[in-house]
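*Asks:* Sharing start_0.txt, compact mmCIF, C-alpha atoms and all ligand atoms:
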```txt
# COMPACT_ATOMS: atom_id res chain seq x y z
CA MET A 1 22.59 55.87 -15.88
CA ARG A 2 20.57 52.85 -16.95
CA THR A 3 20.52 52.45 -20.69
CA ALA A 4 18.86 50.00 -23.04
CA GLN A 5 22.33 48.88 -24.15
CA GLN A 6 23.29 47.95 -20.62
CA LEU A 7 20.08 46.01 -20.26
CA LYS A 8 20.97 43.98 -23.34
CA ALA A 9 24.59 43.55 -22.28
CA ASP A 10 23.56 41.86 -19.08
CA PRO A 11 21.50 38.77 -19.90
CA THR A 12 19.97 37.46 -16.70
CA SER A 13 21.05 33.91 -17.50
CA ASP A 14 24.74 34.71 -16.78
CA VAL A 15 26.32 33.60 -13.54
CA ARG A 16 27.41 36.64 -11.57
CA SER A 17 30.44 36.34 -9.29
CA VAL A 18 30.12 38.36 -6.11
CA THR A 19 32.37 39.48 -3.28
CA ILE A 20 30.83 40.55 0.01
CA LEU A 21 32.89 42.93 2.11
CA GLY A 22 31.39 42.73 5.59
CA SER A 23 29.55 39.43 5.03
CA THR A 24 29.07 38.88 8.77
CA GLY A 25 27.12 42.11 9.27
CA SER A 26 23.46 42.89 8.84
CA VAL A 27 23.77 43.94 5.17
CA GLY A 28 26.22 41.09 4.48
CA CYS A 29 23.92 38.42 5.96
CA ASN A 30 20.94 39.79 4.04
CA THR A 31 22.98 39.67 0.82
CA LEU A 32 23.94 36.03 1.44
CA ASP A 33 20.33 35.24 2.30
CA LEU A 34 19.32 36.39 -1.21
CA ILE A 35 22.22 34.58 -2.88
CA ALA A 36 21.28 31.34 -1.11
CA ARG A 37 17.92 31.51 -2.89
CA ASP A 38 19.48 31.61 -6.35
CA LEU A 39 22.75 29.69 -6.37
CA ASP A 40 22.46 29.03 -10.11
CA ARG A 41 22.80 32.71 -10.79
CA TYR A 42 25.32 33.83 -8.12
CA ARG A 43 28.75 32.47 -7.22
CA VAL A 44 30.59 33.84 -4.18
CA GLU A 45 34.20 34.84 -4.84
CA ALA A 46 35.23 36.31 -1.46
CA ILE A 47 33.71 37.08 1.93
CA THR A 48 35.13 39.18 4.76
CA GLY A 49 34.43 39.80 8.44
CA ASN A 50 36.04 41.71 11.27
CA ARG A 51 36.01 39.51 14.41
CA ASN A 52 33.19 37.00 14.10
CA VAL A 53 35.28 33.98 13.07
CA GLN A 54 32.53 31.45 13.77
CA LEU A 55 29.98 33.10 11.49
CA LEU A 56 32.54 33.75 8.76
CA ALA A 57 33.56 30.07 8.82
CA GLU A 58 29.92 28.98 8.71
CA GLN A 59 29.30 31.23 5.69
CA ALA A 60 32.46 29.93 3.99
CA LYS A 61 31.36 26.32 4.45
CA LYS A 62 27.94 27.08 3.04
CA PHE A 63 28.89 29.30 0.08
CA ARG A 64 32.37 27.93 -0.73
CA PRO A 65 34.03 31.21 -1.77
CA GLN A 66 37.58 31.18 -3.10
CA ILE A 67 38.71 33.06 -0.01
CA ALA A 68 37.50 34.13 3.45
CA VAL A 69 39.23 37.11 5.05
CA ILE A 70 39.15 38.08 8.71
CA ALA A 71 40.20 41.70 9.25
CA CYS A 72 41.29 41.18 12.83
CA GLU A 73 44.54 39.18 12.62
CA ASP A 74 43.92 37.49 15.98
CA GLY A 75 41.21 35.45 14.30
CA TYR A 76 43.44 33.95 11.62
CA ALA A 77 44.49 30.70 13.34
CA GLU A 78 40.95 29.83 14.40
CA LEU A 79 39.51 30.56 10.96
CA LYS A 80 42.26 28.54 9.30
CA ALA A 81 41.51 25.59 11.59
CA LEU A 82 37.75 25.82 11.05
CA LEU A 83 38.18 25.87 7.28
CA SER A 84 40.91 23.25 6.96
CA GLY A 85 40.09 20.69 4.33
CA THR A 86 37.39 22.83 2.73
CA GLY A 87 39.60 24.26 -0.03
CA VAL A 88 38.63 27.80 0.99
CA GLU A 89 41.71 30.01 1.20
CA VAL A 90 42.09 32.01 4.43
CA ALA A 91 43.72 35.41 4.97
CA ALA A 92 43.76 38.12 7.63
CA GLY A 93 44.47 41.82 8.07
CA GLU A 94 43.63 45.11 6.40
CA GLY A 95 45.81 44.40 3.35
CA ALA A 96 43.99 41.10 2.81
CA LEU A 97 40.66 42.98 2.76
CA VAL A 98 41.95 45.15 -0.07
CA ASP A 99 43.25 42.07 -1.88
CA ALA A 100 39.82 40.46 -1.52
CA ALA A 101 38.21 43.53 -3.11
CA ARG A 102 40.73 43.31 -5.98
CA ARG A 103 39.75 39.74 -6.87
CA PRO A 104 37.89 39.50 -10.16
CA ALA A 105 34.29 39.41 -8.97
CA ASP A 106 31.68 41.07 -11.22
CA TRP A 107 29.85 42.57 -8.27
CA VAL A 108 31.07 43.75 -4.87
CA MET A 109 28.92 44.50 -1.85
CA ALA A 110 30.57 47.32 0.12
CA GLY A 111 28.97 46.25 3.41
CA ILE A 112 31.68 47.13 5.93
CA VAL A 113 30.63 49.73 8.49
CA GLY A 114 32.52 53.01 8.80
CA GLY A 115 35.76 54.42 7.43
CA ALA A 116 37.31 50.94 7.69
CA GLY A 117 35.52 50.14 4.43
CA LEU A 118 37.13 52.93 2.45
CA ALA A 119 40.32 51.22 1.24
CA PRO A 120 38.62 47.99 0.02
CA THR A 121 35.75 49.92 -1.59
CA MET A 122 38.24 52.14 -3.43
CA ALA A 123 40.11 49.02 -4.55
CA ALA A 124 36.91 47.54 -6.02
CA ALA A 125 36.17 50.81 -7.84
CA GLN A 126 39.74 50.96 -9.11
CA ARG A 127 39.38 47.70 -11.00
CA GLY A 128 36.10 48.80 -12.59
CA ALA A 129 33.77 46.54 -10.62
CA THR A 130 30.07 47.03 -10.09
CA VAL A 131 30.01 48.22 -6.50
CA ALA A 132 26.82 47.95 -4.46
CA LEU A 133 27.34 50.65 -1.87
CA ALA A 134 25.91 50.19 1.60
CA ASN A 135 28.94 51.71 3.33
CA LYS A 136 27.77 55.35 3.22
CA GLU A 137 30.68 56.51 5.41
CA CYS A 138 32.99 55.98 2.38
CA LEU A 139 31.13 58.59 0.37
CA VAL A 140 30.90 60.94 3.33
CA CYS A 141 34.61 60.91 4.10
CA ALA A 142 35.96 60.67 0.54
CA GLY A 143 33.07 61.39 -1.84
CA ASP A 144 34.99 63.28 -4.53
CA LEU A 145 37.86 60.80 -4.55
CA LEU A 146 35.65 57.73 -4.69
CA LEU A 147 33.59 59.19 -7.53
CA LYS A 148 36.76 60.08 -9.44
CA GLN A 149 37.96 56.51 -9.06
CA VAL A 150 34.60 55.19 -10.27
CA ALA A 151 34.60 57.47 -13.33
CA ALA A 152 38.26 56.88 -14.23
CA ASN A 153 37.87 53.10 -14.20
CA ASN A 154 34.40 52.83 -15.63
CA ALA A 155 33.14 51.25 -12.44
CA THR A 156 29.43 51.27 -11.53
CA LEU A 157 28.10 52.47 -8.20
CA LEU A 158 24.71 51.11 -7.17
CA PRO A 159 23.11 52.63 -4.06
CA VAL A 160 21.99 50.07 -1.48
CA ASP A 161 20.93 52.44 1.29
CA SER A 162 17.14 52.15 1.08
CA GLU A 163 16.55 55.88 0.52
CA HIS A 164 19.17 56.18 -2.20
CA ASN A 165 18.08 52.96 -3.78
CA ALA A 166 14.53 54.35 -3.89
CA ILE A 167 15.75 57.56 -5.54
CA PHE A 168 17.86 55.54 -7.98
CA GLN A 169 14.70 53.70 -9.02
CA VAL A 170 12.69 56.87 -9.76
CA PHE A 171 15.30 59.45 -10.79
CA ASP A 172 15.30 60.42 -14.46
CA PHE A 173 19.03 60.36 -15.19
CA ASP A 174 18.38 61.38 -18.81
CA GLU A 175 16.90 64.70 -17.74
CA PRO A 176 18.40 65.63 -14.37
CA ASP A 177 17.56 69.29 -14.89
CA ARG A 178 13.85 68.36 -14.81
CA VAL A 179 14.28 67.26 -11.19
CA GLU A 180 13.26 69.95 -8.72
CA LYS A 181 14.34 68.18 -5.56
CA ILE A 182 14.86 64.84 -3.94
CA ILE A 183 13.12 64.07 -0.66
CA LEU A 184 14.91 61.73 1.72
CA THR A 185 12.50 60.15 4.16
CA ALA A 186 13.58 59.47 7.74
CA SER A 187 11.82 57.32 10.32
CA GLY A 188 12.87 59.72 13.07
CA GLY A 189 14.35 56.80 15.02
CA PRO A 190 13.38 55.49 18.45
CA PHE A 191 13.56 58.92 20.14
CA ARG A 192 11.44 60.86 17.67
CA GLU A 193 9.06 62.02 20.36
CA LEU A 194 11.52 62.53 23.22
CA THR A 195 12.56 65.90 24.65
CA ARG A 196 16.28 66.76 24.95
CA GLU A 197 15.98 66.21 28.71
CA GLU A 198 14.61 62.72 28.15
CA MET A 199 17.28 61.93 25.55
CA ALA A 200 20.01 62.80 28.07
CA SER A 201 19.46 59.55 29.93
CA VAL A 202 18.70 57.04 27.16
CA THR A 203 20.78 53.85 27.13
CA PRO A 204 22.63 52.15 24.25
CA ALA A 205 20.09 49.31 24.39
CA GLN A 206 17.24 51.78 23.84
CA ALA A 207 19.13 53.51 21.04
CA VAL A 208 19.78 50.34 19.05
CA ALA A 209 16.15 49.22 19.23
CA HIS A 210 15.01 50.81 15.98
CA PRO A 211 11.23 50.88 15.55
CA ASN A 212 11.19 49.70 11.90
CA TRP A 213 14.57 48.36 10.73
CA SER A 214 16.86 45.65 12.04
CA MET A 215 20.45 46.90 11.51
CA GLY A 216 23.97 46.94 12.94
CA ALA A 217 24.65 48.84 16.17
CA LYS A 218 26.44 51.85 14.68
CA ILE A 219 23.81 52.73 12.09
CA SER A 220 21.08 52.15 14.68
CA VAL A 221 22.65 54.77 16.98
CA ASP A 222 23.09 57.05 13.95
CA SER A 223 19.36 56.67 13.27
CA ALA A 224 18.58 57.60 16.87
CA THR A 225 20.66 60.81 16.71
CA MET A 226 19.50 61.34 13.10
CA MET A 227 23.16 61.59 12.10
CA ASN A 228 22.24 58.73 9.79
CA LYS A 229 20.03 61.10 7.80
CA GLY A 230 22.82 63.66 7.88
CA LEU A 231 25.27 61.13 6.43
CA GLU A 232 22.61 60.18 3.88
CA LEU A 233 22.20 63.82 2.87
CA ILE A 234 25.91 63.91 1.99
CA GLU A 235 25.62 60.47 0.37
CA ALA A 236 22.75 61.74 -1.82
CA PHE A 237 24.74 64.81 -2.82
CA TYR A 238 27.46 62.56 -4.25
CA LEU A 239 25.21 59.93 -5.79
CA PHE A 240 22.77 62.13 -7.68
CA PRO A 241 23.21 65.13 -9.98
CA VAL A 242 21.54 67.66 -7.63
CA GLU A 243 22.79 70.58 -5.57
CA GLU A 244 22.70 70.68 -1.77
CA PRO A 245 19.58 72.94 -1.48
CA GLN A 246 17.67 70.44 -3.66
CA ILE A 247 17.97 67.70 -1.03
CA GLU A 248 15.20 67.75 1.54
CA VAL A 249 14.61 65.58 4.59
CA LEU A 250 11.11 64.56 5.62
CA VAL A 251 10.26 62.56 8.72
CA HIS A 252 7.96 59.65 7.87
CA PRO A 253 7.66 57.34 10.89
CA GLN A 254 6.20 54.29 9.08
CA SER A 255 9.23 53.83 6.73
CA VAL A 256 6.97 52.77 3.86
CA ILE A 257 7.93 55.47 1.36
CA HIS A 258 11.68 55.03 1.09
CA SER A 259 12.27 58.39 -0.65
CA MET A 260 10.91 60.55 -3.45
CA VAL A 261 11.90 62.63 -6.44
CA ALA A 262 9.95 65.82 -7.24
CA TYR A 263 9.90 67.06 -10.85
CA VAL A 264 9.42 70.55 -12.31
CA ASP A 265 5.88 69.71 -13.47
CA GLY A 266 4.73 69.06 -9.90
CA SER A 267 4.90 65.25 -10.15
CA VAL A 268 6.40 63.42 -7.18
CA LEU A 269 7.63 59.86 -7.77
CA ALA A 270 8.17 57.55 -4.82
CA GLN A 271 9.35 54.00 -4.20
CA LEU A 272 7.45 52.09 -1.52
CA GLY A 273 7.99 48.78 0.21
CA ALA A 274 8.08 46.99 3.54
CA PRO A 275 11.10 48.07 5.59
CA ASP A 276 13.32 45.09 4.71
CA MET A 277 16.84 45.67 3.37
CA ARG A 278 16.56 42.62 1.13
CA THR A 279 14.51 44.68 -1.35
CA PRO A 280 17.16 47.37 -2.03
CA ILE A 281 19.95 44.77 -1.83
CA ALA A 282 18.09 42.59 -4.36
CA TYR A 283 17.65 45.57 -6.66
CA ALA A 284 21.42 46.08 -6.68
CA LEU A 285 22.24 42.35 -6.84
CA ALA A 286 20.07 41.63 -9.87
CA TRP A 287 20.57 45.05 -11.50
CA PRO A 288 19.67 45.89 -14.20
CA SER A 289 17.10 43.14 -13.87
CA ARG A 290 14.97 42.27 -10.82
CA MET A 291 14.90 39.17 -8.68
CA GLU A 292 12.23 37.65 -6.51
CA THR A 293 12.62 38.21 -2.76
CA PRO A 294 10.91 36.80 0.35
CA THR A 295 10.43 40.36 1.64
CA PRO A 296 7.01 40.81 3.28
CA ARG A 297 4.62 42.42 0.82
CA LEU A 298 3.27 45.85 1.51
CA LYS A 299 -0.32 45.80 2.78
CA LEU A 300 -1.32 49.45 2.69
CA GLU A 301 -4.85 48.66 3.82
CA GLU A 302 -3.37 47.26 7.04
CA ILE A 303 -1.03 50.21 7.53
CA GLY A 304 -3.92 52.61 6.93
CA THR A 305 -2.19 55.90 7.53
CA LEU A 306 1.11 57.33 6.38
CA SER A 307 2.26 60.42 8.24
CA PHE A 308 4.89 63.07 7.68
CA GLU A 309 6.52 65.83 9.70
CA ALA A 310 9.36 68.31 9.30
CA PRO A 311 12.64 67.36 11.03
CA ASP A 312 13.40 69.14 14.30
CA PHE A 313 16.98 70.45 14.14
CA LYS A 314 16.91 71.63 17.76
CA ARG A 315 16.27 68.19 19.19
CA PHE A 316 18.38 66.50 16.51
CA PRO A 317 21.36 68.81 15.92
CA ALA A 318 23.32 66.06 14.10
CA LEU A 319 21.22 66.62 11.00
CA LYS A 320 22.15 70.31 10.95
CA LEU A 321 25.83 69.54 11.61
CA ALA A 322 25.88 67.26 8.57
CA ARG A 323 24.21 69.81 6.33
CA ASP A 324 26.64 72.48 7.52
CA ALA A 325 29.58 70.13 6.87
CA LEU A 326 28.31 69.47 3.35
CA MET A 327 27.96 73.21 2.72
CA SER A 328 31.44 73.95 4.14
CA GLY A 329 32.90 71.16 2.02
CA GLY A 330 36.66 70.54 2.12
CA ALA A 331 37.65 68.37 5.04
CA ALA A 332 34.46 68.99 7.04
CA PRO A 333 32.57 65.82 6.01
CA THR A 334 35.66 63.69 6.75
CA ILE A 335 35.95 65.29 10.21
CA LEU A 336 32.20 64.89 10.81
CA ASN A 337 32.31 61.20 9.99
CA ALA A 338 35.42 60.35 12.02
CA ALA A 339 34.19 62.29 15.07
CA ASN A 340 30.80 60.60 14.86
CA GLU A 341 32.33 57.11 14.65
CA VAL A 342 34.39 57.74 17.78
CA ALA A 343 31.48 59.29 19.68
CA VAL A 344 29.13 56.41 18.80
CA GLU A 345 31.77 53.90 19.92
CA TYR A 346 32.05 55.66 23.33
CA PHE A 347 28.27 55.84 23.65
CA LEU A 348 27.83 52.14 22.83
CA ASP A 349 30.47 51.44 25.44
CA ASN A 350 28.35 53.29 28.02
CA SER A 351 31.14 55.84 28.53
CA ILE A 352 29.33 58.98 27.40
CA GLY A 353 25.72 60.09 27.16
CA PHE A 354 23.53 60.17 24.08
CA LEU A 355 23.60 63.98 23.77
CA ASP A 356 27.41 63.95 23.98
CA ILE A 357 27.56 62.32 20.54
CA SER A 358 26.48 65.45 18.66
CA ALA A 359 28.39 67.67 21.09
CA ILE A 360 31.64 65.85 20.24
CA VAL A 361 30.97 66.09 16.50
CA ALA A 362 30.19 69.82 16.80
CA GLU A 363 33.35 70.43 18.81
CA MET A 364 35.54 68.58 16.29
CA LEU A 365 34.04 70.57 13.40
CA ASN A 366 34.75 73.79 15.29
CA SER A 367 38.24 73.01 16.45
CA ILE A 368 39.86 71.03 13.63
CA SER A 369 40.61 72.59 10.29
CA HIS A 370 42.29 71.08 7.27
CA ASN A 371 42.69 71.76 3.61
CA SER A 372 40.43 69.84 1.29
CA PRO A 373 41.80 66.27 0.97
CA SER A 374 43.13 65.66 -2.51
CA THR A 375 44.33 62.09 -2.04
CA ILE A 376 43.17 59.08 -0.07
CA GLU A 377 46.26 59.48 2.12
CA ASP A 378 44.98 62.99 3.00
CA VAL A 379 41.59 61.54 3.94
CA LEU A 380 43.16 58.86 6.10
CA ARG A 381 45.40 61.42 7.84
CA ILE A 382 42.48 63.79 8.60
CA ASP A 383 40.38 60.84 9.72
CA ALA A 384 43.13 59.53 12.04
CA GLU A 385 43.88 62.94 13.52
CA THR A 386 40.19 63.64 14.17
CA ARG A 387 39.84 60.30 15.91
CA VAL A 388 42.73 61.08 18.26
CA VAL A 389 41.29 64.47 19.27
CA ALA A 390 37.72 63.11 19.49
CA ARG A 391 38.88 60.20 21.70
CA ASP A 392 40.62 62.62 23.99
CA LEU A 393 37.45 64.72 24.35
CA ALA A 394 35.24 61.64 24.78
CA ALA A 395 37.57 60.29 27.49
CA ARG A 396 37.39 63.60 29.35
CA MET A 397 33.60 63.61 29.06
CA ALA A 398 33.52 59.99 30.29
CA LYS A 399 35.39 60.91 33.48
CA LYS A 400 32.76 63.51 34.30
CA GLN A 401 29.87 61.05 33.97
P1 LIG A 501 27.11 45.64 10.92
O1 LIG A 501 27.78 46.21 12.11
O2 LIG A 501 25.99 44.71 11.12
O3 LIG A 501 28.19 44.91 10.00
C1 LIG A 501 29.38 45.51 9.65
C2 LIG A 501 30.29 44.58 8.90
O4 LIG A 501 31.57 45.24 8.76
C3 LIG A 501 30.57 43.27 9.61
O5 LIG A 501 30.78 42.25 8.68
C4 LIG A 501 31.87 43.54 10.36
O6 LIG A 501 32.61 42.39 10.61
C5 LIG A 501 32.59 44.44 9.34
N1 LIG A 501 33.54 45.34 9.99
C6 LIG A 501 33.32 46.15 11.06
N2 LIG A 501 34.44 46.82 11.38
C7 LIG A 501 35.40 46.41 10.51
C8 LIG A 501 36.77 46.73 10.34
N3 LIG A 501 37.39 47.60 11.15
N4 LIG A 501 37.43 46.13 9.33
C9 LIG A 501 36.81 45.25 8.53
N5 LIG A 501 35.51 44.91 8.63
C10 LIG A 501 34.82 45.48 9.61
O7 LIG A 501 26.69 46.88 10.03
P2 LIG A 501 25.50 46.96 8.97
O8 LIG A 501 24.27 47.41 9.65
O9 LIG A 501 25.47 45.74 8.11
O10 LIG A 501 25.98 48.21 8.09
C11 LIG A 501 27.00 48.10 7.13
C12 LIG A 501 27.03 49.38 6.32
O11 LIG A 501 25.81 49.49 5.59
C13 LIG A 501 27.11 50.65 7.17
O12 LIG A 501 27.87 51.60 6.51
C14 LIG A 501 25.66 51.11 7.25
O13 LIG A 501 25.55 52.51 7.42
C15 LIG A 501 25.14 50.69 5.90
N6 LIG A 501 23.69 50.44 5.87
C16 LIG A 501 23.18 49.45 6.64
C17 LIG A 501 21.81 49.20 6.62
C18 LIG A 501 21.21 48.08 7.44
O14 LIG A 501 20.02 47.84 7.32
N7 LIG A 501 21.94 47.39 8.27
C19 LIG A 501 20.98 50.01 5.83
C20 LIG A 501 21.55 51.01 5.05
C21 LIG A 501 22.92 51.20 5.08
MG MG A 502 19.11 54.56 4.94
```
Take the structure from the file and write it as structure tokens.

*Replies:*
Amino acid sequence: MRTAQQLKADPTSDVRSVTILGSTGSVGCNTLDLIARDLDRYRVEAITGNRNVQLLAEQAKKFRPQIAVIACEDGYAELKALLSGTGVEVAAGEGALVDAARRPADWVMAGIVGGAGLAPTMAAAQRGATVALANKECLVCAGDLLLKQVAANNATLLPVDSEHNAIFQVFDFDEPDRVEKIILTASGGPFRELTREEMASVTPAQAVAHPNWSMGAKISVDSATMMNKGLELIEAFYLFPVEEPQIEVLVHPQSVIHSMVAYVDGSVLAQLGAPDMRTPIAYALAWPSRMETPTPRLKLEEIGTLSFEAPDFKRFPALKLARDALMSGGAAPTILNAANEVAVEYFLDNSIGFLDISAIVAEMLNSISHNSPSTIEDVLRIDAETRVVARDLAARMAKKQ
């Protein structure tokens, strides 16, 4: 994937224009934090948020993009007022998000959470941009279609998810058949040591308190159920030239080794670092070069011990559901993702219990069947239908609570 020619074609002295989809989120803020440290090298073209008008306006005043887009149309008037006189254009709505992704930025951070990021990410791929992909749900619900779009338009996909970024750094793309397997590490989340009985009564506040990473609410709950690793398994399948049985998951509570690649000669290559998303984001932002970051440096002598354990599919059924969905193929990953998004939303809202999340996903995979999506419209239809049925089930479960 990374060739000497590309290295030459991208002199580090050039100014890179960047668009950040989801600039108000955890990944988005970390991306802007890095950009703020090197304003000679990066120029912000567009930023987008969902509801947080205040933060979006603050970012727009600081980084002076051409345009700031608020997805939720209710926020338009306030954003317009906050940015009046700044020269920053203001727009709102889903269509405006796609338009923002179409603007001619060299590099686009796909940092929106969930299926909502699919249309703008596809739009960026369609115009051949370099897309830094944090939004794993895009690949899960429309992996084949997104990859086709990337290939057809000569776009570049750079993995931002820390595990995939680690693999990207150590994978030998020139000799993929010399790779025996890839090993995705998982922290195990905040409930790694809990029994199913104990998990039944955990609260949203406990679920979002991740032991190692500071992230948005949805991915934090996904980490607690380990659905995050399940989504990442599917993400890895699409990003790297390996088959499903070659992707292994290994629980590693310290989150120091971000993932590994095992080769046919017995060598295992790993990427290590402090658990700070600015390292993988920086790798994608400066790619194919590297930039300096303020990320805390790894002090292995202070950490002392790294430990590993096999994942427990009985206590964390989400991981198994995701692997099964990947093996079934067709519409299953789209259904898995949509059902999970709905279930997490109901859990965060305190309407259903923690164990109900995987139960809802399992039920949707059992009860909904569809042909393999062959267009984005198919994906959106399957996604919307799954959400309706999953909401209905979640609402019934909520009444019983
Ligand atoms: P977050 O909740 O902190 O931020 C999400 C961003 O998306 C915000 O800017 C929000 O305004 C925007 N958004 C939400 N719903 C939207 C909608 N319907 N339309 C338009 N915009 C919308 O989430 P995050 O933790 O930054 O995660 C973003 C993505 O990156 C997720 O897919 C997540 O799985 C992935 N990721 C995050 C991390 C991390 O450390 N946070 C690590 C790896 C991967
Ligand atoms: Mg990850």

*Asks:* Please identify all protein, DNA and RNA residues within 7 Å of ligand LIG 501 (chain A), counting all atoms listed in the file, and report them as a PyMOL selection string.

*Replies:* chain A and resi 21-28+48-52+71+94+111-114+116-117+134-137+160-162+213-219+277

*Asks:* Store the residues of this selection in a file with C-alpha atoms, as a PDB file, in the frame of the given file.

*Replies:*
```pdb
ATOM      1  CA  LEU A  21      32.890  42.930   2.110  1.00  0.00           C
ATOM      2  CA  GLY A  22      31.390  42.730   5.590  1.00  0.00           C
ATOM      3  CA  SER A  23      29.550  39.430   5.030  1.00  0.00           C
ATOM      4  CA  THR A  24      29.070  38.880   8.770  1.00  0.00           C
ATOM      5  CA  GLY A  25      27.120  42.110   9.270  1.00  0.00           C
ATOM      6  CA  SER A  26      23.460  42.890   8.840  1.00  0.00           C
ATOM      7  CA  VAL A  27      23.770  43.940   5.170  1.00  0.00           C
ATOM      8  CA  GLY A  28      26.220  41.090   4.480  1.00  0.00           C
ATOM      9  CA  THR A  48      35.130  39.180   4.760  1.00  0.00           C
ATOM     10  CA  GLY A  49      34.430  39.800   8.440  1.00  0.00           C
ATOM     11  CA  ASN A  50      36.040  41.710  11.270  1.00  0.00           C
ATOM     12  CA  ARG A  51      36.010  39.510  14.410  1.00  0.00           C
ATOM     13  CA  ASN A  52      33.190  37.000  14.100  1.00  0.00           C
ATOM     14  CA  ALA A  71      40.200  41.700   9.250  1.00  0.00           C
ATOM     15  CA  GLU A  94      43.630  45.110   6.400  1.00  0.00           C
ATOM     16  CA  GLY A 111      28.970  46.250   3.410  1.00  0.00           C
ATOM     17  CA  ILE A 112      31.680  47.130   5.930  1.00  0.00           C
ATOM     18  CA  VAL A 113      30.630  49.730   8.490  1.00  0.00           C
ATOM     19  CA  GLY A 114      32.520  53.010   8.800  1.00  0.00           C
ATOM     20  CA  ALA A 116      37.310  50.940   7.690  1.00  0.00           C
ATOM     21  CA  GLY A 117      35.520  50.140   4.430  1.00  0.00           C
ATOM     22  CA  ALA A 134      25.910  50.190   1.600  1.00  0.00           C
ATOM     23  CA  ASN A 135      28.940  51.710   3.330  1.00  0.00           C
ATOM     24  CA  LYS A 136      27.770  55.350   3.220  1.00  0.00           C
ATOM     25  CA  GLU A 137      30.680  56.510   5.410  1.00  0.00           C
ATOM     26  CA  VAL A 160      21.990  50.070  -1.480  1.00  0.00           C
ATOM     27  CA  ASP A 161      20.930  52.440   1.290  1.00  0.00           C
ATOM     28  CA  SER A 162      17.140  52.150   1.080  1.00  0.00           C
ATOM     29  CA  TRP A 213      14.570  48.360  10.730  1.00  0.00           C
ATOM     30  CA  SER A 214      16.860  45.650  12.040  1.00  0.00           C
ATOM     31  CA  MET A 215      20.450  46.900  11.510  1.00  0.00           C
ATOM     32  CA  GLY A 216      23.970  46.940  12.940  1.00  0.00           C
ATOM     33  CA  ALA A 217      24.650  48.840  16.170  1.00  0.00           C
ATOM     34  CA  LYS A 218      26.440  51.850  14.680  1.00  0.00           C
ATOM     35  CA  ILE A 219      23.810  52.730  12.090  1.00  0.00           C
ATOM     36  CA  MET A 277      16.840  45.670   3.370  1.00  0.00           C
TER      37      MET A 277
END
```

*Asks:* Taking only C-alpha atoms and all ligand atoms into account, list the residues no farther than 12 Å from ligand MG 502 (chain A), as an MDAnalysis selection string.

*Replies:* chainID A and resid 27 133:137 159:167 184:189 212:215 219:220 222:223 226:236 249 255 257:259 275:277 280:281

*Asks:* Taking 5 positions as the minimum chain separation for residues in the same chain, which residues sit within 9 Å of range 88-92 of chain A when counting all atoms listed in the file? Answer as a PyMOL selection string.

*Replies:* chain A and resi 60-61+64-76+79-80+83+97

*Asks:* For range 388-390 of chain A, list every protein, DNA or RNA residue within 7 Å, evaluated using all atoms listed in the file, and leave out those in the same chain fewer than 5 positions away; present the list as a PyMOL selection string.

*Replies:* chain A and resi 339+342+360+364

*Asks:* Applying 9 Å and only C-alpha atoms, which residues near range 324-334 of chain A remain after dropping the ones on its own chain fewer than 3 positions away? List them as a CSV table (one decimal) with C-alpha atoms, in the frame of the given file.

*Replies:*
```csv
chain,number,residue,atom,x,y,z
A,137,GLU,CA,30.7,56.5,5.4
A,140,VAL,CA,30.9,60.9,3.3
A,141,CYS,CA,34.6,60.9,4.1
A,142,ALA,CA,36.0,60.7,0.5
A,231,LEU,CA,25.3,61.1,6.4
A,233,LEU,CA,22.2,63.8,2.9
A,234,ILE,CA,25.9,63.9,2.0
A,237,PHE,CA,24.7,64.8,-2.8
A,244,GLU,CA,22.7,70.7,-1.8
A,319,LEU,CA,21.2,66.6,11.0
A,320,LYS,CA,22.2,70.3,11.0
A,321,LEU,CA,25.8,69.5,11.6
A,337,ASN,CA,32.3,61.2,10.0
A,338,ALA,CA,35.4,60.4,12.0
A,339,ALA,CA,34.2,62.3,15.1
A,365,LEU,CA,34.0,70.6,13.4
A,368,ILE,CA,39.9,71.0,13.6
A,369,SER,CA,40.6,72.6,10.3
A,370,HIS,CA,42.3,71.1,7.3
A,371,ASN,CA,42.7,71.8,3.6
A,372,SER,CA,40.4,69.8,1.3
A,373,PRO,CA,41.8,66.3,1.0
A,379,VAL,CA,41.6,61.5,3.9
A,380,LEU,CA,43.2,58.9,6.1
A,382,ILE,CA,42.5,63.8,8.6
A,383,ASP,CA,40.4,60.8,9.7
A,386,THR,CA,40.2,63.6,14.2
```

*Asks:* For a test of reading the model, state the distance in Å between CA of Cys138 in chain A and CA of Lys181 in chain A, rounded to one decimal.

*Replies:*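 According to the coordinates, CA of Cys138 in chain A and CA of Lys181 in chain A are separated by 23.7 Å.
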
*Asks:* Pick the closest to Met260 in chain A from A:Gln246, A:Ala286, A:Asp378, A:Glu78: which is it, counting only C-alpha atoms?

*Replies:*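 Ranked by minimum distance to Met260 in chain A, first place goes to A:Gln246.
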
*Asks:* Report the distance between CA of Val361 in chain A and CA of Ile335 in chain A in Å, rounded to one decimal place.

*Replies:*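 Between these atoms lies a distance of 8.1 Å.
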
*Asks:* Would you list the contacts of Ala155 in chain A as an NGL selection string, taking every protein, DNA or RNA residue within 8 Å and counting all atoms listed in the file, but skipping same-chain residues closer than 2 positions in sequence?

*Replies:* :A and (125-131 or 149-153 or 157)

*Asks:* Kindly provide, as lines of an AutoDock Vina configuration file, the centre and edge lengths (Å, one decimal) of an axis-aligned box around all atoms of range 337-356 of chain A given in the file, with 6 Å on each side.

*Replies:*
```
center_x = 29.5
center_y = 57.7
center_z = 19.3
size_x = 23.9
size_y = 24.5
size_z = 30.5
```
